[in-house]
$ cat structure_17.cif   # mmCIF, C-alpha atoms (C1' of nucleotides)
data_upload
#
loop_
_atom_site.label_atom_id
_atom_site.label_comp_id
_atom_site.auth_asym_id
_atom_site.auth_seq_id
_atom_site.Cartn_x
_atom_site.Cartn_y
_atom_site.Cartn_z
CA MET A 1 109.87 94.27 106.57
CA PRO A 2 111.41 97.45 105.73
CA GLU A 3 111.31 100.96 106.92
CA LEU A 4 114.29 103.03 107.95
CA PRO A 5 114.69 101.59 111.48
CA GLU A 6 114.45 97.99 110.27
CA VAL A 7 116.85 98.56 107.38
CA GLN A 8 119.30 100.38 109.68
CA THR A 9 119.15 97.47 112.11
CA VAL A 10 119.96 95.01 109.33
CA VAL A 11 122.89 97.14 108.15
CA ASN A 12 124.19 97.47 111.72
CA GLY A 13 124.03 93.70 112.11
CA LEU A 14 125.72 92.86 108.80
CA GLY A 15 128.45 95.49 108.72
CA PRO A 16 130.91 94.01 111.22
CA TYR A 17 130.79 90.64 109.44
CA VAL A 18 130.85 91.51 105.75
CA VAL A 19 132.82 94.76 105.42
CA GLY A 20 136.42 93.92 104.55
CA ARG A 21 135.47 90.40 103.43
CA ARG A 22 136.09 88.86 100.03
CA VAL A 23 133.27 87.08 98.22
CA SER A 24 134.13 83.41 97.72
CA ARG A 25 130.88 81.99 96.38
CA VAL A 26 127.58 83.32 95.04
CA ARG A 27 124.39 81.47 94.23
CA LEU A 28 121.47 83.16 92.51
CA GLU A 29 118.44 80.90 92.76
CA ARG A 30 116.23 83.01 90.54
CA THR A 31 117.31 85.63 88.05
CA ASP A 32 114.12 87.72 88.13
CA VAL A 33 115.08 89.35 91.43
CA VAL A 34 118.02 91.11 89.73
CA PHE A 35 117.84 94.49 87.99
CA PRO A 36 118.60 95.47 85.33
CA PRO A 37 117.41 92.07 84.04
CA GLY A 38 120.24 89.90 82.80
CA THR A 39 122.94 91.41 85.03
CA ASP A 40 125.64 88.83 85.79
CA VAL A 41 125.79 89.41 89.54
CA VAL A 42 127.57 86.14 90.17
CA GLY A 43 130.41 87.01 87.81
CA ALA A 44 130.59 90.58 89.07
CA LEU A 45 130.76 89.57 92.74
CA ILE A 46 133.08 86.55 92.85
CA GLY A 47 136.48 87.51 94.23
CA ARG A 48 135.44 91.07 95.07
CA LEU A 49 136.01 92.78 98.39
CA ILE A 50 133.11 94.50 100.21
CA VAL A 51 134.63 97.84 101.20
CA ALA A 52 131.55 99.57 102.61
CA LEU A 53 127.96 98.96 103.63
CA HIS A 54 125.42 101.66 104.35
CA ARG A 55 121.75 102.57 104.31
CA ARG A 56 120.14 105.22 102.11
CA GLY A 57 116.41 105.56 102.72
CA LYS A 58 115.19 101.97 102.71
CA LYS A 59 118.03 100.78 100.47
CA ILE A 60 120.98 98.68 101.63
CA VAL A 61 124.02 99.81 99.64
CA PHE A 62 127.05 97.53 99.15
CA THR A 63 130.27 99.09 97.81
CA LEU A 64 132.91 96.87 96.17
CA ASP A 65 136.67 97.33 95.76
CA THR A 66 135.99 97.99 92.09
CA GLY A 67 133.94 101.04 93.05
CA ASP A 68 130.80 99.33 91.79
CA ARG A 69 127.80 99.38 94.05
CA PHE A 70 124.69 97.28 94.32
CA VAL A 71 121.53 97.79 96.34
CA ILE A 72 119.35 95.28 98.11
CA HIS A 73 115.83 96.48 98.80
CA LEU A 74 113.76 94.32 101.14
CA GLY A 75 110.42 95.23 99.60
CA MET A 76 107.58 94.12 101.85
CA SER A 77 108.70 90.67 103.01
CA GLY A 78 112.46 90.57 102.41
CA GLN A 79 114.98 89.27 104.92
CA LEU A 80 118.75 89.60 104.74
CA THR A 81 120.39 87.33 107.29
CA LEU A 82 123.70 85.71 108.18
CA ASP A 83 123.33 81.98 108.76
CA PRO A 84 125.62 78.98 109.19
CA PRO A 85 126.06 77.26 105.80
CA ASP A 86 124.69 74.00 107.18
CA ALA A 87 121.47 75.64 108.45
CA THR A 88 118.33 74.73 106.49
CA VAL A 89 117.81 77.07 103.55
CA PRO A 90 114.21 78.29 103.79
CA LYS A 91 111.79 78.51 100.89
CA HIS A 92 112.03 81.75 98.84
CA THR A 93 115.75 82.17 99.46
CA HIS A 94 116.84 83.79 96.18
CA PHE A 95 120.44 84.82 96.72
CA VAL A 96 123.26 83.37 98.86
CA VAL A 97 126.76 84.81 99.28
CA ASP A 98 129.73 83.17 101.03
CA PHE A 99 132.80 85.09 102.16
CA ALA A 100 136.39 83.90 102.60
CA GLY A 101 137.11 83.17 106.26
CA LEU A 102 133.54 83.76 107.46
CA PRO A 103 131.59 80.77 108.86
CA LEU A 104 128.30 82.47 107.98
CA GLN A 105 126.60 83.10 104.66
CA LEU A 106 124.52 86.07 103.59
CA ARG A 107 121.03 85.00 102.53
CA PHE A 108 118.34 87.07 100.83
CA LYS A 109 114.86 85.62 101.26
CA ASP A 110 111.78 87.39 99.92
CA PRO A 111 108.52 85.44 99.45
CA ARG A 112 106.54 88.26 97.86
CA ARG A 113 109.45 89.41 95.68
CA PHE A 114 108.65 93.11 95.92
CA GLY A 115 112.31 93.49 96.86
CA GLY A 116 115.39 92.64 94.84
CA ILE A 117 118.99 93.35 93.90
CA TRP A 118 119.82 96.44 91.87
CA TRP A 119 123.24 96.60 90.25
CA HIS A 120 124.71 100.09 89.86
CA GLY A 121 127.73 101.14 87.84
CA ILE A 122 130.38 103.37 89.37
CA ASP A 123 128.74 106.53 88.07
CA ASP A 124 125.16 105.43 88.52
CA SER A 125 123.86 107.37 91.51
CA VAL A 126 122.17 105.15 94.07
CA ASP A 127 120.12 107.98 95.52
CA ALA A 128 118.83 109.62 92.39
CA ALA A 129 115.32 110.94 93.10
CA LEU A 130 115.48 110.10 96.81
CA GLY A 131 114.50 112.78 99.32
CA PRO A 132 116.66 113.81 102.29
CA GLU A 133 117.58 111.50 105.16
CA PRO A 134 115.01 112.25 107.88
CA LEU A 135 117.41 111.80 110.80
CA SER A 136 119.59 114.69 109.67
CA MET A 137 116.95 116.85 108.00
CA ASN A 138 116.27 120.48 108.86
CA TRP A 139 112.56 121.30 109.21
CA ARG A 140 112.85 124.05 106.58
CA VAL A 141 113.98 121.46 104.04
CA LEU A 142 110.85 119.43 104.75
CA ALA A 143 108.63 122.52 104.71
CA ARG A 144 109.88 123.44 101.24
CA ARG A 145 109.05 119.95 100.00
CA LEU A 146 105.55 119.93 101.49
CA ASP A 147 104.67 123.33 100.09
CA ASN A 148 103.90 122.26 96.56
CA THR A 149 101.52 119.36 97.05
CA ARG A 150 97.84 119.17 97.87
CA ARG A 151 98.06 115.51 98.89
CA SER A 152 97.43 114.59 102.52
CA ILE A 153 100.45 114.81 104.82
CA LYS A 154 100.18 111.06 105.46
CA THR A 155 100.36 110.17 101.77
CA THR A 156 103.13 112.71 101.22
CA LEU A 157 105.33 111.24 103.97
CA LEU A 158 105.23 107.90 102.15
CA ASP A 159 106.63 109.50 98.98
CA GLN A 160 110.33 108.57 98.98
CA THR A 161 111.20 111.52 96.76
CA VAL A 162 109.92 113.87 99.51
CA VAL A 163 111.68 112.16 102.46
CA ALA A 164 113.60 108.86 102.29
CA GLY A 165 112.93 105.95 104.62
CA ILE A 166 109.52 106.58 106.16
CA GLY A 167 106.86 103.91 105.58
CA ASN A 168 103.35 103.21 106.78
CA ILE A 169 104.18 102.45 110.42
CA TYR A 170 106.45 105.39 111.11
CA ALA A 171 104.34 107.86 109.13
CA ASP A 172 101.36 107.07 111.39
CA GLU A 173 103.46 107.03 114.57
CA SER A 174 105.20 110.30 113.71
CA LEU A 175 101.94 112.11 112.92
CA PHE A 176 100.53 110.95 116.26
CA GLU A 177 103.64 112.14 118.08
CA ALA A 178 103.35 115.53 116.30
CA ARG A 179 99.58 115.68 117.00
CA ILE A 180 98.80 116.26 113.33
CA ASP A 181 95.68 115.01 111.53
CA PRO A 182 96.90 112.69 108.73
CA LEU A 183 94.25 114.10 106.35
CA THR A 184 95.70 117.62 106.45
CA PRO A 185 96.85 118.70 102.99
CA ALA A 186 100.65 118.89 103.12
CA TYR A 187 100.82 122.50 101.94
CA GLU A 188 98.48 123.60 104.74
CA LEU A 189 100.86 122.67 107.55
CA SER A 190 102.08 125.69 109.50
CA ASP A 191 105.78 126.22 110.15
CA GLU A 192 105.13 125.23 113.74
CA GLN A 193 103.51 121.97 112.63
CA VAL A 194 106.37 121.13 110.26
CA ARG A 195 108.82 121.86 113.08
CA ARG A 196 106.90 119.51 115.38
CA LEU A 197 106.62 116.87 112.68
CA THR A 198 110.35 116.94 111.94
CA ARG A 199 111.13 116.57 115.63
CA ALA A 200 108.58 113.76 115.95
CA ILE A 201 109.97 111.84 112.96
CA LYS A 202 113.49 111.96 114.39
CA LEU A 203 112.34 110.95 117.87
CA ILE A 204 110.24 108.02 116.65
CA LEU A 205 112.87 106.75 114.22
CA ARG A 206 115.62 106.93 116.84
CA ARG A 207 113.50 105.11 119.41
CA ALA A 208 112.59 102.47 116.84
CA ILE A 209 116.24 101.93 115.88
CA ARG A 210 117.10 101.55 119.56
CA ALA A 211 114.36 98.87 119.79
CA LYS A 212 115.80 97.20 116.65
CA GLY A 213 112.70 97.92 114.59
CA SER A 214 109.11 96.66 114.56
CA THR A 215 108.41 93.00 113.81
CA LEU A 216 104.80 92.58 112.67
CA ARG A 217 105.39 89.40 110.75
CA ASP A 218 108.35 89.00 108.42
CA TYR A 219 110.96 91.42 109.65
CA ARG A 220 114.13 89.95 111.15
CA ALA A 221 117.49 91.49 111.97
CA ALA A 222 120.63 90.05 110.36
CA ASP A 223 120.95 87.47 113.14
CA GLY A 224 117.33 86.37 112.71
CA SER A 225 116.07 88.14 115.84
CA THR A 226 112.87 90.17 115.96
CA GLY A 227 112.49 93.86 116.76
CA SER A 228 110.50 95.07 119.76
CA PHE A 229 109.19 98.51 118.79
CA GLN A 230 105.77 97.08 117.78
CA SER A 231 104.86 96.88 121.47
CA ARG A 232 105.35 100.63 121.73
CA HIS A 233 103.20 101.66 118.76
CA ARG A 234 100.68 104.29 119.78
CA VAL A 235 98.38 104.07 116.75
CA TYR A 236 99.67 101.67 114.07
CA ASP A 237 97.58 98.47 113.99
CA ARG A 238 95.64 99.65 117.07
CA ALA A 239 92.28 100.45 115.43
CA GLY A 240 89.50 100.43 118.03
CA LEU A 241 91.90 100.21 120.96
CA PRO A 242 91.98 103.13 123.41
CA CYS A 243 94.41 105.96 122.70
CA ARG A 244 97.27 105.69 125.17
CA THR A 245 96.95 109.41 125.85
CA CYS A 246 93.20 110.14 125.98
CA LYS A 247 91.39 106.74 125.75
CA THR A 248 89.54 107.68 122.54
CA PRO A 249 89.32 104.58 120.29
CA ILE A 250 91.98 104.75 117.56
CA SER A 251 90.52 105.38 114.09
CA ARG A 252 91.48 103.52 110.94
CA ILE A 253 90.89 105.02 107.49
CA VAL A 254 92.37 104.37 104.04
CA LEU A 255 94.54 107.07 102.46
CA GLY A 256 96.36 106.59 99.20
CA GLY A 257 95.40 102.93 99.38
CA ARG A 258 97.19 102.45 102.71
CA SER A 259 95.60 101.94 106.11
CA THR A 260 96.06 104.98 108.30
CA HIS A 261 95.72 104.97 112.09
CA PHE A 262 95.21 108.03 114.26
CA CYS A 263 93.53 109.45 117.34
CA ALA A 264 90.71 111.78 116.33
CA THR A 265 91.05 113.63 119.64
CA CYS A 266 94.83 114.04 119.93
CA GLN A 267 95.22 114.70 116.20
CA ARG A 268 92.40 117.16 115.66
CA PRO A 269 92.14 118.77 112.24
CA SER A 270 93.04 122.45 112.33
CA TYR A 271 94.93 122.34 115.61
CA GLY A 272 97.76 124.77 114.86
CA SER A 273 97.33 124.50 111.10
CA ARG A 274 98.14 127.30 108.70
CA LEU A 275 94.53 127.91 107.66
CA GLY A 276 92.92 127.17 110.98
"C1'" DG B 1 86.49 81.47 99.29
"C1'" DT B 2 87.61 86.77 101.40
"C1'" DC B 3 90.48 90.50 103.04
"C1'" DC B 4 94.74 92.28 104.48
"C1'" DA B 5 99.86 93.10 104.76
"C1'" DT B 6 106.30 97.12 107.00
"C1'" DG B 7 106.54 98.92 99.18
"C1'" DT B 8 107.15 100.66 94.61
"C1'" DT B 9 105.88 101.47 89.89
"C1'" DC B 10 102.99 101.66 86.06
"C1'" DT B 11 98.43 103.17 84.30
"C1'" DT B 12 94.36 105.79 84.44
"C1'" DT B 13 91.79 109.74 85.68
"C1'" DA B 14 90.93 114.53 86.66
"C1'" DC C 1 100.61 119.15 79.97
"C1'" DT C 2 100.77 117.67 85.27
"C1'" DA C 3 99.24 115.90 89.73
"C1'" DA C 4 96.93 112.58 92.06
"C1'" DA C 5 94.33 108.42 92.48
"C1'" DG C 6 94.11 103.47 91.44
"C1'" DA C 7 95.70 99.11 90.01
"C1'" DA C 8 99.14 95.84 89.75
"C1'" DC C 9 102.83 93.01 91.33
"C1'" DA C 10 103.30 87.73 94.61
"C1'" DT C 11 102.76 85.13 98.67
"C1'" DG C 12 100.83 83.80 102.90
"C1'" DG C 13 98.20 84.37 107.18
"C1'" DA C 14 93.79 85.40 109.61
#
$ encode --input "structure_17.cif" --output "structure tokens"
Amino acid sequence: MPELPEVQTVVNGLGPYVVGRRVSRVRLERTDVVFPPGTDVVGALIGRLIVALHRRGKKIVFTLDTGDRFVIHLGMSGQLTLDPPDATVPKHTHFVVDFAGLPLQLRFKDPRRFGGIWWHGIDDSVDAALGPEPLSMNWRVLARRLDNTRRSIKTTLLDQTVVAGIGNIYADESLFEARIDPLTPAYELSDEQVRRLTRAIKLILRRAIRAKGSTLRDYRAADGSTGSFQSRHRVYDRAGLPCRTCKTPISRIVLGGRSTHFCATCQRPSYGSRLG
DNA sequence: GTCCATGTTCTTTA
DNA sequence: CTAAAGAACATGGA
């Protein structure tokens, strides 16, 4: 499910319920979703207070009263929801946490298991190697990071060490908004293009958060509801459909092994690029 | 049976 | 050596 807007929506939904709560019960249904392998998450969590919850990139960061932190990453199909304890526990639910005084339990379900639970010590930095947060990033910071790679801008935006939180949907949507050809080598973008791209990323991400994310299939907010931003996608998953701006059929190509959607007319190569 | 999927990491290639 | 491309991971839906 998870790109920045979806993860932010989950955090927004969980925060009011779990922050300030004490963990009363933990069940780990399979140990291979926990990293490092062998970590005793049940022992480490029982009786602890959740003092903070926040998002960093696509990671959901829990902070305990001990100062320890752990991260839940939703991978491709993960869901983190609050459900009544008597509600049916769906298949692929790997981790369930109950809190004192809360008539809801936190459930982590992830059929494909690309996600998981990462336990961090007090000193172990959660955001080591992660790029800047796109919503508060200055375009010059992005420009500096694009300067030293010959990869396409599309592929580069998916690199979490360059910018944190952007995935396949919002990379395509942001490049459309900025009118930039996804095949453009990152280092060839002009300052003007990077400025437009930075603005586009912030605009698209904010709109998507307001719409509570995009639900294509698995994504659910903490209360189990779906997002609505998918209905406002301009290019993602719209191959062959007319561009909402110019009616040209949307193209689909594969870049870095990921499907990439764009309008060949609105996102012309060379339009405003550094090398022309 | 085939192909594809909102992600990341390890391996191979250039 | 490094950067970039490719494969792998696991499950389910079209």
$ resolve_selection --input "structure_17.cif" --expression "the PyMOL selection byres ((chain C) within 9 of (chain A))" --output "VMD selection string"
chain C and resid 3 to 6 9 to 12
$ resolve_selection --input "structure_17.cif" --expression "the PyMOL selection byres ((chain B) within 10 of (chain A))" --output "PyMOL selection string"
chain B and resi 4-8
$ atom_distance --input "structure_17.cif" --atom1 "CA of Pro5 (chain A)" --atom2 "CA of Val235 (chain A)"
17.3 Å
$ atom_distance --input "structure_17.cif" --atom1 "CA of Lys154 (chain A)" --atom2 "CA of Ile253 (chain A)"
11.3 Å
$ residues_around --input "structure_17.cif" --residues "Ile153 (chain A)" --least-positions-apart "3" --cutoff "12 Å" --atoms "only C-alpha atoms (C1' of nucleotides)" --output "PyMOL selection string"
chain A and resi 142-143+145-150+156-159+162-163+171-172+174-175+178+180-190+193-194+197+255-256+260+269+273
$ closest_residue --input "structure_17.cif" --among "A:Arg140, A:Arg55, A:Arg27, A:Arg210" --to "Asp98 (chain A)" --atoms "all atoms listed in the file"
A:Arg27
$ residues_around --input "structure_17.cif" --residues "DA7 (chain C)" --least-positions-apart "2" --cutoff "9 Å" --atoms "all atoms listed in the file" --output "list in words"
DC10, DT11 and DT12 of chain B
$ atom_distance --input "structure_17.cif" --atom1 "CA of Asp83 (chain A)" --atom2 "CA of Gly224 (chain A)"
8.4 Å
$ residues_near_point --input "structure_17.cif" --point "(128.1, 88.1, 95.2)" --cutoff "6 Å" --atoms "only C-alpha atoms (C1' of nucleotides)" --output "ChimeraX atom specification"
/A:26,42,45-46,97
$ resolve_selection --input "structure_17.cif" --expression "the PyMOL selection byres ((chain A and resi 240) around 7)" --output "list in words"
Arg238, Ala239, Leu241, Pro242, Pro249, Ile250 and Ser251 of chain A
$ build_atoms --input "structure_17.cif" --residues "region 176-195 of chain A" --atoms "N, CA and C atoms" --output "PDB file, in the frame of the given file"
ATOM      1  N   PHE A 176     101.123 110.961 114.918  1.00  0.00           N
ATOM      2  CA  PHE A 176     100.530 110.950 116.260  1.00  0.00           C
ATOM      3  C   PHE A 176     101.417 111.737 117.226  1.00  0.00           C
ATOM      4  N   GLU A 177     102.698 111.457 117.184  1.00  0.00           N
ATOM      5  CA  GLU A 177     103.640 112.140 118.080  1.00  0.00           C
ATOM      6  C   GLU A 177     103.589 113.658 117.892  1.00  0.00           C
ATOM      7  N   ALA A 178     103.391 114.086 116.611  1.00  0.00           N
ATOM      8  CA  ALA A 178     103.350 115.530 116.300  1.00  0.00           C
ATOM      9  C   ALA A 178     101.951 116.105 116.489  1.00  0.00           C
ATOM     10  N   ARG A 179     100.971 115.250 116.805  1.00  0.00           N
ATOM     11  CA  ARG A 179      99.580 115.680 117.000  1.00  0.00           C
ATOM     12  C   ARG A 179      98.986 116.324 115.751  1.00  0.00           C
ATOM     13  N   ILE A 180      99.295 115.706 114.599  1.00  0.00           N
ATOM     14  CA  ILE A 180      98.800 116.260 113.330  1.00  0.00           C
ATOM     15  C   ILE A 180      97.822 115.287 112.687  1.00  0.00           C
ATOM     16  N   ASP A 181      96.690 115.804 112.236  1.00  0.00           N
ATOM     17  CA  ASP A 181      95.680 115.010 111.530  1.00  0.00           C
ATOM     18  C   ASP A 181      96.269 114.533 110.202  1.00  0.00           C
ATOM     19  N   PRO A 182      96.279 113.218 109.961  1.00  0.00           N
ATOM     20  CA  PRO A 182      96.900 112.690 108.730  1.00  0.00           C
ATOM     21  C   PRO A 182      96.235 113.177 107.448  1.00  0.00           C
ATOM     22  N   LEU A 183      94.975 113.632 107.547  1.00  0.00           N
ATOM     23  CA  LEU A 183      94.250 114.100 106.350  1.00  0.00           C
ATOM     24  C   LEU A 183      94.641 115.519 105.938  1.00  0.00           C
ATOM     25  N   THR A 184      95.336 116.234 106.774  1.00  0.00           N
ATOM     26  CA  THR A 184      95.700 117.620 106.450  1.00  0.00           C
ATOM     27  C   THR A 184      96.481 117.685 105.148  1.00  0.00           C
ATOM     28  N   PRO A 185      96.042 118.537 104.204  1.00  0.00           N
ATOM     29  CA  PRO A 185      96.850 118.700 102.990  1.00  0.00           C
ATOM     30  C   PRO A 185      98.250 119.172 103.359  1.00  0.00           C
ATOM     31  N   ALA A 186      99.265 118.609 102.725  1.00  0.00           N
ATOM     32  CA  ALA A 186     100.650 118.890 103.120  1.00  0.00           C
ATOM     33  C   ALA A 186     100.965 120.383 103.095  1.00  0.00           C
ATOM     34  N   TYR A 187     100.474 121.081 102.072  1.00  0.00           N
ATOM     35  CA  TYR A 187     100.820 122.500 101.940  1.00  0.00           C
ATOM     36  C   TYR A 187     100.147 123.369 102.994  1.00  0.00           C
ATOM     37  N   GLU A 188      99.162 122.802 103.717  1.00  0.00           N
ATOM     38  CA  GLU A 188      98.480 123.600 104.740  1.00  0.00           C
ATOM     39  C   GLU A 188      99.187 123.580 106.093  1.00  0.00           C
ATOM     40  N   LEU A 189     100.187 122.726 106.250  1.00  0.00           N
ATOM     41  CA  LEU A 189     100.860 122.670 107.550  1.00  0.00           C
ATOM     42  C   LEU A 189     101.560 123.989 107.853  1.00  0.00           C
ATOM     43  N   SER A 190     101.400 124.468 109.070  1.00  0.00           N
ATOM     44  CA  SER A 190     102.080 125.690 109.500  1.00  0.00           C
ATOM     45  C   SER A 190     103.552 125.379 109.750  1.00  0.00           C
ATOM     46  N   ASP A 191     104.368 126.413 109.821  1.00  0.00           N
ATOM     47  CA  ASP A 191     105.780 126.220 110.150  1.00  0.00           C
ATOM     48  C   ASP A 191     105.915 125.478 111.477  1.00  0.00           C
ATOM     49  N   GLU A 192     105.076 125.864 112.424  1.00  0.00           N
ATOM     50  CA  GLU A 192     105.130 125.230 113.740  1.00  0.00           C
ATOM     51  C   GLU A 192     104.815 123.735 113.640  1.00  0.00           C
ATOM     52  N   GLN A 193     103.848 123.394 112.796  1.00  0.00           N
ATOM     53  CA  GLN A 193     103.510 121.970 112.630  1.00  0.00           C
ATOM     54  C   GLN A 193     104.645 121.205 111.948  1.00  0.00           C
ATOM     55  N   VAL A 194     105.270 121.813 110.948  1.00  0.00           N
ATOM     56  CA  VAL A 194     106.370 121.130 110.260  1.00  0.00           C
ATOM     57  C   VAL A 194     107.546 120.960 111.225  1.00  0.00           C
ATOM     58  N   ARG A 195     107.758 121.958 112.078  1.00  0.00           N
ATOM     59  CA  ARG A 195     108.820 121.860 113.080  1.00  0.00           C
ATOM     60  C   ARG A 195     108.531 120.692 114.031  1.00  0.00           C
TER      61      ARG A 195
END
